[in-house]
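*Asks:* Sharing final.cif below, mmCIF, C-alpha atoms and all ligand atoms:
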```cif
data_query
#
loop_
_atom_site.label_atom_id
_atom_site.label_comp_id
_atom_site.auth_asym_id
_atom_site.auth_seq_id
_atom_site.Cartn_x
_atom_site.Cartn_y
_atom_site.Cartn_z
CA MET R 47 -25.62 -136.88 -6.74
CA ARG R 48 -27.77 -136.44 -3.64
CA THR R 49 -30.71 -134.04 -3.45
CA LYS R 50 -33.42 -133.14 -0.96
CA ALA R 51 -36.92 -134.09 -2.05
CA ALA R 52 -40.47 -134.57 -0.74
CA VAL R 53 -41.36 -138.20 -1.46
CA ALA R 54 -44.86 -139.73 -1.70
CA LEU R 55 -44.45 -143.16 -0.12
CA GLU R 56 -48.11 -144.26 -0.05
CA ALA R 57 -51.52 -142.95 -1.16
CA GLY R 58 -53.11 -140.59 1.34
CA LYS R 59 -49.97 -140.27 3.51
CA PRO R 60 -48.16 -136.95 4.02
CA LEU R 61 -45.05 -136.47 1.87
CA GLU R 62 -41.70 -137.26 3.53
CA VAL R 63 -38.83 -134.88 3.07
CA MET R 64 -35.57 -136.83 2.67
CA GLU R 65 -32.24 -137.07 0.87
CA VAL R 66 -32.47 -139.16 -2.33
CA ASN R 67 -30.07 -140.23 -5.06
CA LEU R 68 -30.34 -138.59 -8.47
CA GLU R 69 -28.48 -139.92 -11.52
CA GLY R 70 -27.16 -137.48 -14.12
CA PRO R 71 -28.96 -136.75 -17.41
CA LYS R 72 -28.87 -139.41 -20.15
CA GLU R 73 -29.35 -138.91 -23.93
CA GLY R 74 -31.76 -136.01 -24.59
CA GLU R 75 -32.16 -135.24 -20.87
CA VAL R 76 -31.35 -132.22 -18.72
CA LEU R 77 -30.50 -131.79 -15.02
CA VAL R 78 -32.31 -128.80 -13.52
CA GLU R 79 -31.92 -127.08 -10.15
CA ILE R 80 -35.49 -126.21 -9.12
CA LYS R 81 -35.60 -122.79 -7.44
CA ALA R 82 -39.34 -122.62 -6.70
CA THR R 83 -42.34 -124.92 -7.04
CA GLY R 84 -46.07 -124.25 -6.74
CA ILE R 85 -48.39 -126.59 -4.85
CA CYS R 86 -51.13 -127.57 -7.31
CA HIS R 87 -53.73 -130.35 -7.05
CA THR R 88 -52.35 -133.87 -7.24
CA ASP R 89 -55.68 -135.57 -6.53
CA GLU R 90 -55.42 -137.15 -9.94
CA PHE R 91 -52.07 -138.62 -8.89
CA THR R 92 -53.39 -142.10 -8.24
CA ARG R 93 -54.69 -142.35 -11.77
CA SER R 94 -52.19 -140.15 -13.58
CA GLY R 95 -50.19 -143.20 -14.52
CA ASP R 96 -53.28 -144.85 -16.02
CA ASP R 97 -52.77 -147.15 -13.02
CA PRO R 98 -55.60 -147.15 -10.47
CA GLU R 99 -53.23 -148.23 -7.71
CA GLY R 100 -50.97 -145.25 -8.33
CA LEU R 101 -47.24 -145.01 -8.62
CA PHE R 102 -45.13 -145.34 -5.47
CA PRO R 103 -42.81 -144.23 -4.22
CA ALA R 104 -42.77 -141.07 -6.33
CA ILE R 105 -41.60 -137.47 -6.25
CA LEU R 106 -44.60 -135.24 -7.04
CA GLY R 107 -44.73 -131.61 -8.20
CA HIS R 108 -45.50 -130.38 -11.72
CA GLU R 109 -45.30 -126.60 -11.33
CA GLY R 110 -41.85 -125.04 -11.04
CA ALA R 111 -38.98 -122.93 -12.35
CA GLY R 112 -35.23 -123.36 -12.17
CA VAL R 113 -31.80 -123.35 -13.82
CA VAL R 114 -30.09 -125.87 -16.12
CA VAL R 115 -27.03 -127.32 -14.38
CA GLU R 116 -26.06 -130.13 -16.80
CA VAL R 117 -27.16 -131.27 -20.25
CA GLY R 118 -27.01 -134.89 -21.44
CA PRO R 119 -25.67 -136.10 -24.79
CA GLY R 120 -27.47 -134.80 -27.87
CA VAL R 121 -29.18 -131.86 -26.13
CA LYS R 122 -29.13 -128.90 -28.55
CA SER R 123 -31.78 -126.40 -27.46
CA LEU R 124 -30.54 -125.73 -23.90
CA GLU R 125 -27.26 -124.96 -22.18
CA VAL R 126 -25.96 -124.73 -18.62
CA GLY R 127 -27.27 -121.55 -16.95
CA ASP R 128 -30.49 -121.32 -18.95
CA HIS R 129 -33.62 -120.54 -16.92
CA VAL R 130 -36.44 -123.02 -17.52
CA ILE R 131 -39.99 -123.99 -16.62
CA PRO R 132 -40.74 -127.77 -16.58
CA LEU R 133 -43.62 -128.91 -18.83
CA TYR R 134 -46.00 -131.76 -17.95
CA THR R 135 -47.17 -131.48 -21.57
CA ALA R 136 -44.01 -131.79 -23.68
CA GLU R 137 -43.52 -130.20 -27.11
CA CYS R 138 -41.26 -132.25 -29.43
CA ARG R 139 -42.29 -130.34 -32.57
CA GLU R 140 -42.13 -133.49 -34.71
CA CYS R 141 -44.78 -136.03 -33.61
CA GLU R 142 -48.14 -136.35 -35.40
CA TYR R 143 -49.77 -134.30 -32.62
CA CYS R 144 -47.21 -131.49 -32.59
CA LEU R 145 -47.55 -131.19 -36.37
CA HIS R 146 -51.37 -130.98 -36.15
CA PRO R 147 -52.57 -127.39 -35.69
CA LYS R 148 -55.54 -128.32 -33.47
CA THR R 149 -53.82 -129.92 -30.47
CA ASN R 150 -51.06 -129.36 -27.90
CA LEU R 151 -51.01 -132.98 -26.71
CA CYS R 152 -47.49 -134.03 -27.77
CA GLN R 153 -47.28 -137.82 -27.49
CA LYS R 154 -43.50 -138.23 -27.79
CA VAL R 155 -42.92 -139.05 -24.09
CA ARG R 156 -46.55 -139.53 -23.00
CA ALA R 157 -46.47 -143.30 -22.40
CA THR R 158 -43.30 -143.40 -20.28
CA GLN R 159 -44.27 -140.19 -18.46
CA GLY R 160 -47.55 -141.84 -17.43
CA LYS R 161 -45.58 -144.77 -15.98
CA GLY R 162 -43.34 -142.45 -13.95
CA VAL R 163 -40.16 -143.13 -15.89
CA MET R 164 -37.87 -141.35 -18.36
CA PRO R 165 -38.18 -142.13 -22.10
CA ASP R 166 -35.62 -144.98 -21.79
CA GLY R 167 -37.96 -146.73 -19.34
CA THR R 168 -35.90 -146.13 -16.17
CA SER R 169 -36.03 -143.65 -13.26
CA ARG R 170 -33.21 -141.27 -12.30
CA PHE R 171 -34.33 -141.11 -8.64
CA SER R 172 -33.74 -143.73 -5.95
CA MET R 173 -33.84 -144.06 -2.16
CA LEU R 174 -30.53 -144.17 -0.33
CA ASP R 175 -31.06 -147.97 -0.04
CA GLY R 176 -31.31 -148.21 -3.84
CA THR R 177 -35.12 -148.59 -4.17
CA PRO R 178 -36.18 -146.74 -7.35
CA ILE R 179 -38.40 -143.68 -6.90
CA LEU R 180 -40.71 -142.78 -9.79
CA HIS R 181 -41.00 -139.44 -11.58
CA TYR R 182 -44.37 -137.65 -11.70
CA MET R 183 -45.99 -136.01 -14.74
CA GLY R 184 -42.48 -135.90 -16.19
CA CYS R 185 -41.52 -133.09 -13.78
CA SER R 186 -40.97 -134.07 -10.10
CA THR R 187 -40.47 -130.48 -9.01
CA PHE R 188 -40.77 -131.35 -5.29
CA SER R 189 -37.05 -132.09 -5.51
CA ASN R 190 -34.29 -129.48 -5.34
CA TYR R 191 -32.73 -131.13 -8.41
CA THR R 192 -34.59 -133.10 -11.08
CA VAL R 193 -33.98 -134.62 -14.52
CA LEU R 194 -36.37 -134.01 -17.46
CA PRO R 195 -36.43 -134.65 -21.20
CA GLU R 196 -35.16 -131.63 -23.18
CA ILE R 197 -38.57 -131.40 -24.90
CA SER R 198 -40.23 -130.98 -21.48
CA LEU R 199 -38.50 -127.68 -20.71
CA ALA R 200 -39.44 -124.16 -21.79
CA LYS R 201 -36.50 -121.72 -21.88
CA ILE R 202 -37.50 -118.40 -20.30
CA ARG R 203 -35.89 -114.97 -19.84
CA LYS R 204 -33.38 -114.66 -17.00
CA ASP R 205 -34.90 -111.59 -15.30
CA ALA R 206 -38.17 -113.37 -14.42
CA PRO R 207 -38.56 -114.14 -10.67
CA PHE R 208 -38.65 -117.91 -10.01
CA ASP R 209 -41.05 -117.61 -7.05
CA LYS R 210 -43.73 -116.07 -9.32
CA VAL R 211 -43.22 -117.61 -12.77
CA CYS R 212 -43.20 -121.14 -11.33
CA TYR R 213 -47.03 -120.75 -11.31
CA ILE R 214 -46.93 -120.44 -15.12
CA GLY R 215 -45.90 -124.11 -15.13
CA CYS R 216 -49.55 -125.05 -14.55
CA GLY R 217 -52.20 -122.72 -13.10
CA VAL R 218 -51.54 -119.52 -15.02
CA THR R 219 -51.08 -121.18 -18.41
CA THR R 220 -54.04 -123.54 -17.93
CA GLY R 221 -56.47 -120.74 -17.02
CA ILE R 222 -55.32 -118.06 -19.45
CA GLY R 223 -54.65 -120.62 -22.19
CA ALA R 224 -58.18 -122.05 -21.92
CA VAL R 225 -59.45 -118.60 -22.98
CA ILE R 226 -56.77 -117.60 -25.50
CA TYR R 227 -55.75 -120.91 -27.12
CA THR R 228 -58.73 -123.22 -26.59
CA ALA R 229 -61.78 -120.90 -26.70
CA LYS R 230 -60.04 -118.21 -28.80
CA ALA R 231 -62.41 -115.75 -27.13
CA GLU R 232 -63.17 -112.54 -29.04
CA ILE R 233 -63.28 -108.91 -27.87
CA GLY R 234 -66.74 -108.10 -26.50
CA CYS R 235 -67.69 -111.68 -25.59
CA ARG R 236 -69.46 -112.78 -22.43
CA GLY R 237 -67.93 -115.48 -20.21
CA VAL R 238 -68.97 -117.51 -17.18
CA VAL R 239 -66.31 -119.15 -14.99
CA PHE R 240 -67.25 -121.89 -12.49
CA GLY R 241 -64.78 -122.28 -9.61
CA LEU R 242 -62.65 -119.30 -8.58
CA GLY R 243 -59.55 -121.13 -7.31
CA GLY R 244 -56.02 -121.21 -8.68
CA ILE R 245 -57.26 -122.05 -12.18
CA GLY R 246 -60.53 -120.08 -12.32
CA LEU R 247 -58.86 -116.79 -11.33
CA ASN R 248 -56.56 -117.20 -14.30
CA VAL R 249 -59.54 -117.88 -16.59
CA LEU R 250 -60.96 -114.55 -15.34
CA GLN R 251 -57.79 -112.65 -16.21
CA GLY R 252 -57.64 -114.48 -19.55
CA LEU R 253 -61.13 -113.17 -20.35
CA ARG R 254 -60.08 -109.67 -19.28
CA LEU R 255 -57.00 -109.92 -21.51
CA ALA R 256 -59.22 -111.04 -24.42
CA GLY R 257 -61.42 -107.97 -23.94
CA ALA R 258 -64.60 -109.67 -22.69
CA ASP R 259 -67.57 -107.37 -21.95
CA GLN R 260 -69.02 -109.50 -19.15
CA ILE R 261 -67.14 -111.89 -16.86
CA VAL R 262 -69.36 -113.83 -14.47
CA GLY R 263 -67.72 -115.81 -11.65
CA VAL R 264 -69.54 -118.67 -9.90
CA ASP R 265 -68.36 -120.15 -6.60
CA LEU R 266 -69.93 -121.65 -3.47
CA ASN R 267 -67.42 -119.75 -1.32
CA ASN R 268 -68.20 -116.03 -0.93
CA ASP R 269 -64.61 -115.41 0.26
CA LYS R 270 -63.48 -115.90 -3.37
CA LYS R 271 -65.35 -112.79 -4.53
CA GLU R 272 -62.84 -110.11 -3.55
CA MET R 273 -59.82 -111.72 -5.25
CA ALA R 274 -61.93 -112.59 -8.31
CA GLU R 275 -62.94 -108.93 -8.78
CA ARG R 276 -59.25 -108.07 -8.77
CA PHE R 277 -58.78 -110.42 -11.71
CA GLY R 278 -61.60 -109.05 -13.85
CA MET R 279 -64.85 -110.60 -12.59
CA THR R 280 -67.77 -108.23 -13.27
CA HIS R 281 -70.60 -110.30 -11.67
CA PHE R 282 -70.51 -112.87 -8.86
CA VAL R 283 -73.00 -115.71 -8.37
CA ASN R 284 -73.09 -118.07 -5.38
CA PRO R 285 -75.26 -121.04 -6.45
CA ALA R 286 -76.26 -121.62 -2.80
CA GLU R 287 -77.83 -118.14 -2.73
CA VAL R 288 -79.72 -118.40 -6.04
CA GLU R 289 -83.45 -119.01 -5.67
CA GLY R 290 -84.74 -121.36 -8.34
CA ASP R 291 -82.84 -122.73 -11.31
CA LEU R 292 -79.14 -121.81 -11.60
CA VAL R 293 -79.05 -122.27 -15.39
CA ALA R 294 -82.07 -119.97 -15.84
CA HIS R 295 -80.45 -117.39 -13.54
CA LEU R 296 -77.18 -117.40 -15.52
CA VAL R 297 -78.95 -117.31 -18.90
CA GLU R 298 -80.91 -114.29 -17.70
CA LEU R 299 -77.79 -112.58 -16.31
CA THR R 300 -75.89 -113.05 -19.59
CA GLY R 301 -78.72 -111.91 -21.83
CA GLY R 302 -79.51 -115.32 -23.31
CA GLY R 303 -76.44 -117.34 -22.36
CA ALA R 304 -72.68 -116.85 -22.47
CA ASP R 305 -70.43 -117.09 -25.52
CA TYR R 306 -67.92 -119.09 -23.48
CA THR R 307 -68.28 -120.98 -20.20
CA PHE R 308 -65.51 -122.74 -18.25
CA ASP R 309 -65.61 -125.46 -15.62
CA ALA R 310 -62.70 -125.02 -13.20
CA THR R 311 -64.17 -127.22 -10.44
CA GLY R 312 -63.88 -130.82 -11.69
CA ASN R 313 -67.50 -131.42 -10.57
CA VAL R 314 -69.61 -133.17 -13.25
CA GLY R 315 -72.82 -131.48 -12.10
CA VAL R 316 -71.14 -128.11 -12.55
CA MET R 317 -69.98 -129.20 -16.02
CA ARG R 318 -73.62 -129.76 -17.03
CA THR R 319 -74.65 -126.36 -15.71
CA ALA R 320 -71.73 -124.78 -17.58
CA LEU R 321 -72.81 -126.36 -20.88
CA GLU R 322 -76.46 -125.45 -20.45
CA CYS R 323 -75.83 -121.77 -19.69
CA ALA R 324 -73.79 -121.40 -22.91
CA HIS R 325 -75.74 -119.44 -25.55
CA LYS R 326 -78.10 -121.33 -27.84
CA GLY R 327 -76.73 -121.45 -31.38
CA TRP R 328 -73.06 -120.71 -30.68
CA GLY R 329 -72.07 -121.00 -27.00
CA GLU R 330 -69.02 -123.11 -26.21
CA SER R 331 -68.37 -124.77 -22.85
CA ILE R 332 -64.82 -125.74 -21.96
CA ILE R 333 -64.03 -128.36 -19.32
CA ILE R 334 -60.80 -127.65 -17.45
CA GLY R 335 -61.52 -129.45 -14.16
CA VAL R 336 -60.29 -133.03 -13.80
CA ALA R 337 -63.20 -135.15 -12.51
CA PRO R 338 -62.82 -138.13 -10.14
CA ALA R 339 -61.81 -141.44 -11.81
CA GLY R 340 -64.76 -143.12 -13.53
CA ALA R 341 -67.03 -140.04 -13.38
CA GLU R 342 -69.39 -139.41 -16.31
CA ILE R 343 -71.04 -136.27 -17.69
CA ALA R 344 -74.67 -135.97 -18.79
CA THR R 345 -76.92 -133.56 -20.64
CA ARG R 346 -79.80 -133.82 -23.11
CA PRO R 347 -78.48 -134.15 -26.68
CA PHE R 348 -80.89 -131.32 -27.61
CA GLN R 349 -78.44 -128.98 -25.83
CA LEU R 350 -75.87 -129.82 -28.52
CA VAL R 351 -78.35 -130.13 -31.39
CA THR R 352 -79.30 -126.53 -30.67
CA GLY R 353 -75.78 -125.35 -31.30
CA ARG R 354 -73.87 -125.50 -28.05
CA SER R 355 -70.41 -127.16 -28.09
CA TRP R 356 -68.84 -129.16 -25.28
CA ARG R 357 -65.06 -129.10 -25.29
CA GLY R 358 -62.09 -129.71 -23.01
CA THR R 359 -58.54 -128.51 -22.56
CA ALA R 360 -55.26 -129.76 -21.11
CA PHE R 361 -52.63 -127.21 -20.04
CA GLY R 362 -54.85 -124.52 -21.60
CA GLY R 363 -54.12 -125.77 -25.11
CA ALA R 364 -50.65 -124.24 -24.78
CA ARG R 365 -47.63 -125.62 -26.65
CA GLY R 366 -45.20 -125.37 -23.79
CA ARG R 367 -41.85 -124.54 -25.39
CA THR R 368 -43.48 -122.02 -27.74
CA ASP R 369 -46.15 -120.41 -25.54
CA VAL R 370 -44.79 -120.51 -21.95
CA PRO R 371 -41.93 -118.04 -22.71
CA LYS R 372 -44.54 -115.67 -24.20
CA ILE R 373 -46.69 -115.90 -21.06
CA VAL R 374 -43.61 -115.08 -18.97
CA ASP R 375 -43.20 -111.96 -21.17
CA TRP R 376 -46.87 -111.02 -20.61
CA TYR R 377 -46.21 -111.18 -16.86
CA MET R 378 -42.98 -109.17 -17.07
CA ASP R 379 -44.75 -106.56 -19.26
CA GLY R 380 -47.61 -106.19 -16.76
CA LYS R 381 -50.26 -107.63 -19.10
CA ILE R 382 -51.17 -110.33 -16.57
CA GLU R 383 -50.86 -110.45 -12.78
CA ILE R 384 -49.47 -113.28 -10.67
CA ASP R 385 -48.18 -111.82 -7.38
CA PRO R 386 -51.51 -111.46 -5.48
CA MET R 387 -52.34 -115.13 -6.16
CA ILE R 388 -49.16 -116.34 -4.42
CA THR R 389 -50.78 -116.30 -0.99
CA HIS R 390 -48.24 -118.44 0.91
CA LYS R 391 -44.47 -119.06 0.85
CA LEU R 392 -43.12 -122.23 2.44
CA LYS R 393 -39.91 -124.20 2.96
CA LEU R 394 -39.79 -127.76 1.58
CA GLU R 395 -39.96 -129.12 5.17
CA ASP R 396 -43.45 -127.57 5.49
CA ILE R 397 -44.78 -128.81 2.14
CA ASN R 398 -47.60 -130.80 3.78
CA LYS R 399 -48.88 -127.56 5.30
CA GLY R 400 -49.18 -126.29 1.71
CA PHE R 401 -51.48 -129.20 0.86
CA ASP R 402 -53.56 -128.57 4.00
CA LEU R 403 -53.99 -124.88 3.04
CA MET R 404 -55.02 -125.86 -0.51
CA HIS R 405 -57.55 -128.47 0.62
CA ALA R 406 -59.03 -126.03 3.17
CA GLY R 407 -59.49 -123.45 0.40
CA GLU R 408 -57.30 -121.00 2.35
CA SER R 409 -54.59 -120.59 -0.28
CA ILE R 410 -54.76 -119.73 -3.94
CA ARG R 411 -51.16 -120.77 -4.50
CA ALA R 412 -48.58 -121.79 -1.93
CA VAL R 413 -45.03 -121.72 -3.29
CA VAL R 414 -42.02 -123.60 -1.93
CA GLU R 415 -38.65 -121.88 -2.37
CA TYR R 416 -35.55 -124.05 -2.22
P1 LIG V 501 -59.23 -125.04 -6.36
O1 LIG V 501 -59.56 -126.05 -5.33
O2 LIG V 501 -58.20 -123.99 -6.06
O3 LIG V 501 -60.56 -124.26 -6.82
C1 LIG V 501 -61.79 -124.87 -7.02
C2 LIG V 501 -62.88 -123.82 -6.71
O4 LIG V 501 -64.14 -124.38 -7.08
C3 LIG V 501 -62.95 -123.46 -5.23
O5 LIG V 501 -62.93 -122.05 -5.09
C4 LIG V 501 -64.30 -124.05 -4.79
O6 LIG V 501 -64.93 -123.26 -3.78
C5 LIG V 501 -65.08 -124.02 -6.10
N1 LIG V 501 -66.19 -124.99 -6.18
C6 LIG V 501 -66.19 -126.28 -5.75
N2 LIG V 501 -67.39 -126.85 -5.99
C7 LIG V 501 -68.15 -125.91 -6.61
C8 LIG V 501 -69.49 -125.89 -7.11
N3 LIG V 501 -70.27 -126.97 -7.03
N4 LIG V 501 -69.94 -124.75 -7.68
C9 LIG V 501 -69.15 -123.65 -7.74
N5 LIG V 501 -67.88 -123.61 -7.28
C10 LIG V 501 -67.39 -124.72 -6.71
O7 LIG V 501 -58.79 -125.86 -7.66
P2 LIG V 501 -57.92 -125.35 -8.90
O8 LIG V 501 -56.48 -125.47 -8.59
O9 LIG V 501 -58.44 -124.04 -9.34
O10 LIG V 501 -58.25 -126.49 -9.98
C11 LIG V 501 -59.56 -126.60 -10.51
C12 LIG V 501 -59.66 -127.88 -11.34
O11 LIG V 501 -58.85 -127.78 -12.50
C13 LIG V 501 -59.22 -129.15 -10.63
O12 LIG V 501 -60.12 -130.18 -10.97
C14 LIG V 501 -57.85 -129.43 -11.24
O13 LIG V 501 -57.50 -130.78 -11.17
C15 LIG V 501 -58.10 -128.98 -12.65
N6 LIG V 501 -56.92 -128.68 -13.49
C16 LIG V 501 -57.00 -129.01 -14.81
C17 LIG V 501 -55.95 -128.71 -15.66
C18 LIG V 501 -56.05 -129.05 -17.12
O14 LIG V 501 -55.03 -128.94 -17.82
N7 LIG V 501 -57.20 -129.43 -17.63
C19 LIG V 501 -54.81 -128.08 -15.16
C20 LIG V 501 -54.78 -127.73 -13.81
C21 LIG V 501 -55.83 -128.03 -12.97
C1 LIG V 502 -52.72 -130.22 -13.54
N1 LIG V 502 -53.62 -131.19 -13.72
C2 LIG V 502 -54.33 -131.31 -12.57
C3 LIG V 502 -53.83 -130.41 -11.69
N2 LIG V 502 -52.84 -129.73 -12.30
C4 LIG V 502 -53.81 -131.91 -14.89
C5 LIG V 502 -54.09 -133.27 -14.83
C6 LIG V 502 -54.29 -133.97 -16.02
C7 LIG V 502 -54.21 -133.32 -17.26
C8 LIG V 502 -53.91 -131.97 -17.29
C9 LIG V 502 -53.71 -131.27 -16.12
C10 LIG V 502 -54.47 -134.00 -18.46
C11 LIG V 502 -55.49 -133.73 -19.36
C12 LIG V 502 -55.41 -134.65 -20.40
C13 LIG V 502 -54.34 -135.46 -20.14
N3 LIG V 502 -53.77 -135.11 -18.95
C14 LIG V 502 -53.88 -136.57 -21.02
C15 LIG V 502 -52.94 -136.05 -22.08
C16 LIG V 502 -52.57 -137.12 -23.09
O1 LIG V 502 -52.98 -138.29 -22.93
O2 LIG V 502 -51.85 -136.78 -24.02
C17 LIG V 502 -52.65 -135.72 -18.36
C18 LIG V 502 -51.38 -135.16 -18.54
C19 LIG V 502 -50.24 -135.77 -17.96
C20 LIG V 502 -50.39 -136.95 -17.24
C21 LIG V 502 -51.65 -137.50 -17.06
C22 LIG V 502 -52.77 -136.89 -17.62
C23 LIG V 502 -49.17 -137.61 -16.65
O3 LIG V 502 -48.07 -137.15 -16.84
N4 LIG V 502 -49.29 -138.68 -15.93
C24 LIG V 502 -51.17 -133.89 -19.30
ZN ZN V 503 -51.48 -128.26 -11.78
ZN ZN V 504 -44.70 -133.91 -30.14
#
```
Kindly transcribe the structure held in the file into structure tokens.
*Replies:*
Amino acid sequence: MRTKAAVALEAGKPLEVMEVNLEGPKEGEVLVEIKATGICHTDEFTRSGDDPEGLFPAILGHEGAGVVVEVGPGVKSLEVGDHVIPLYTAECRECEYCLHPKTNLCQKVRATQGKGVMPDGTSRFSMLDGTPILHYMGCSTFSNYTVLPEISLAKIRKDAPFDKVCYIGCGVTTGIGAVIYTAKAEIGCRGVVFGLGGIGLNVLQGLRLAGADQIVGVDLNNDKKEMAERFGMTHFVNPAEVEGDLVAHLVELTGGGADYTFDATGNVGVMRTALECAHKGWGESIIIGVAPAGAEIATRPFQLVTGRSWRGTAFGGARGRTDVPKIVDWYMDGKIEIDPMITHKLKLEDINKGFDLMHAGESIRAVVEY
């Protein structure tokens, strides 16, 4: 079939909206009509394939929601008409990782996904001249229709609005999951969140959901304060306005350090600050931000010897097929909020404007509706 898609032709160039060819689903695959897709960071794109040169041409997009239109041979868990959210972290429920209780990093399709191809080693997308186009993070939601492995789709309830729950495909689940699944934060805890963007705001509401007593937000941009308060932030700190040492300031503010701290900036200096303002003896610091390729983190080992833990999380530690439908329920039941974070709605033709808004810090989440 033919479908309209935004194609990345070269690194650093705007996406080009064009008609492309899409082959039908093969064994274990599903054809999905994407109804809405969120514009999330793709800065890691050039290294997401473990290939420093990047993967081109490719169809980006890893945050979306849509409807199953065709299932390939052997597909048992989904049928035509089901509503789904694509998963950049699959859940096969049978690999060594899925069977281990401490991780969500299913490895079943990881290697081929990183190369931009389906599990059989080929792509379903091509240019009208026949040139193959690669998939991206196993999702390629910047296409009106896309093909994914069955294990990379979470089936969700049919009354959930696509233009809101698409955000659960990355930002919402990553932020809330970091608190609930990775930190397993307890009622009455104190938390510090660095970076109040599309991820950090969801960490704030995750802490609120967990029943935290104190929720400190840290951002260089004072404009982030108002929205952050809406999502549960109790104290705001702008590092540029703190006199003296930021760690000392945060330790003082949290009465000796926080139980849980989160980096949602991707800045390695911030990651150090986040670790060092975790409480001596038991504080845990969780890295969510994806740092630039080759970056390294540093601290004095004494920080860890004295009982702080440095951890990290991918997709909030969520097991997609199991947890994403539950998060959709939390939204539909009013336990979490999404609507105020969808700050912009765009057509696919204007997708590059969505990236401009994100890079300028003007949007929390821009959503494209097909
Ligand atoms: P964003 O650009 O919307 O927000 C980042 C925020 O950090 C901005 O508000 C910015 O003002 C603030 N900031 C930047 N430098 C700062 C500093 N030195 N001190 C304090 N605040 C600072 O980004 P986002 O969409 O929220 O994503 C945040 C990070 O999370 C990115 O690195 C992204 O790649 C990563 N991410 C990770 C996962 C995962 O599974 N681990 C999933 C999604 C996104
Ligand atoms: C989501 N991300 C950034 C913005 N929005 C993001 C980027 C990378 C990861 C998670 C979220 C991530 C963390 C750890 C891994 N990845 C590796 C997981 C593993 O090796 O099992 C990651 C993921 C997918 C891909 C690359 C890196 C990919 O599909 N190419 C989950
Ligand atoms: Zn994302
Ligand atoms: Zn698995």
*Asks:* What is the atom CA of Gly184 of chain R to atom C23 of ligand LIG 502 (chain V) distance in Å?
*Replies:*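 A separation of 6.9 Å between them.
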*Asks:* From the list R:Ala339, R:Leu392, R:Ala344, R:Glu289, which residue is nearest Val314 of chain R when using only C-alpha atoms?
*Replies:*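 Using only C-alpha atoms, Val314 of chain R sits closest to R:Ala344.
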*Asks:* Taking only C-alpha atoms and all ligand atoms and a cut-off of 7 Å, can you tell me which residues surround ligand ZN 503 (chain V), written as a PDB file with C-alpha atoms, in the frame of the given file?
*Replies:*
```pdb
ATOM      1  CA  CYS R  86     -51.130-127.570  -7.310  1.00  0.00           C
ATOM      2  CA  HIS R  87     -53.730-130.350  -7.050  1.00  0.00           C
ATOM      3  CA  HIS R 108     -45.500-130.380 -11.720  1.00  0.00           C
ATOM      4  CA  GLU R 109     -45.300-126.600 -11.330  1.00  0.00           C
ATOM      5  CA  CYS R 216     -49.550-125.050 -14.550  1.00  0.00           C
ATOM      6  CA  GLY R 217     -52.200-122.720 -13.100  1.00  0.00           C
TER       7      GLY R 217
END
```
*Asks:* Write out as a JSON list (two decimals) with C-alpha atoms, keeping the file's coordinate frame each polymer residue whose atoms come within 12 Å of Ala364 of chain R, counting only C-alpha atoms; drop sequence neighbours fewer than 5 positions from it.
*Replies:*
```json
[["chain", "number", "residue", "atom", "x", "y", "z"],
["R", 133, "LEU", "CA", -43.62, -128.91, -18.83],
["R", 134, "TYR", "CA", -46.00, -131.76, -17.95],
["R", 135, "THR", "CA", -47.17, -131.48, -21.57],
["R", 136, "ALA", "CA", -44.01, -131.79, -23.68],
["R", 137, "GLU", "CA", -43.52, -130.20, -27.11],
["R", 144, "CYS", "CA", -47.21, -131.49, -32.59],
["R", 147, "PRO", "CA", -52.57, -127.39, -35.69],
["R", 148, "LYS", "CA", -55.54, -128.32, -33.47],
["R", 149, "THR", "CA", -53.82, -129.92, -30.47],
["R", 150, "ASN", "CA", -51.06, -129.36, -27.90],
["R", 151, "LEU", "CA", -51.01, -132.98, -26.71],
["R", 152, "CYS", "CA", -47.49, -134.03, -27.77],
["R", 200, "ALA", "CA", -39.44, -124.16, -21.79],
["R", 214, "ILE", "CA", -46.93, -120.44, -15.12],
["R", 215, "GLY", "CA", -45.90, -124.11, -15.13],
["R", 216, "CYS", "CA", -49.55, -125.05, -14.55],
["R", 217, "GLY", "CA", -52.20, -122.72, -13.10],
["R", 218, "VAL", "CA", -51.54, -119.52, -15.02],
["R", 219, "THR", "CA", -51.08, -121.18, -18.41],
["R", 220, "THR", "CA", -54.04, -123.54, -17.93],
["R", 221, "GLY", "CA", -56.47, -120.74, -17.02],
["R", 222, "ILE", "CA", -55.32, -118.06, -19.45],
["R", 223, "GLY", "CA", -54.65, -120.62, -22.19],
["R", 224, "ALA", "CA", -58.18, -122.05, -21.92],
["R", 225, "VAL", "CA", -59.45, -118.60, -22.98],
["R", 226, "ILE", "CA", -56.77, -117.60, -25.50],
["R", 227, "TYR", "CA", -55.75, -120.91, -27.12],
["R", 228, "THR", "CA", -58.73, -123.22, -26.59],
["R", 229, "ALA", "CA", -61.78, -120.90, -26.70],
["R", 230, "LYS", "CA", -60.04, -118.21, -28.80],
["R", 359, "THR", "CA", -58.54, -128.51, -22.56],
["R", 369, "ASP", "CA", -46.15, -120.41, -25.54],
["R", 370, "VAL", "CA", -44.79, -120.51, -21.95],
["R", 371, "PRO", "CA", -41.93, -118.04, -22.71],
["R", 372, "LYS", "CA", -44.54, -115.67, -24.20],
["R", 373, "ILE", "CA", -46.69, -115.90, -21.06]]
```
*Asks:* For ligand ZN 504 (chain V), collect every residue having any atom at a distance of at most 6 Å from a ligand atom (counting all atoms listed in the file); output as a PyMOL selection string.
*Replies:* chain R and resi 137-141+143-144+152-154
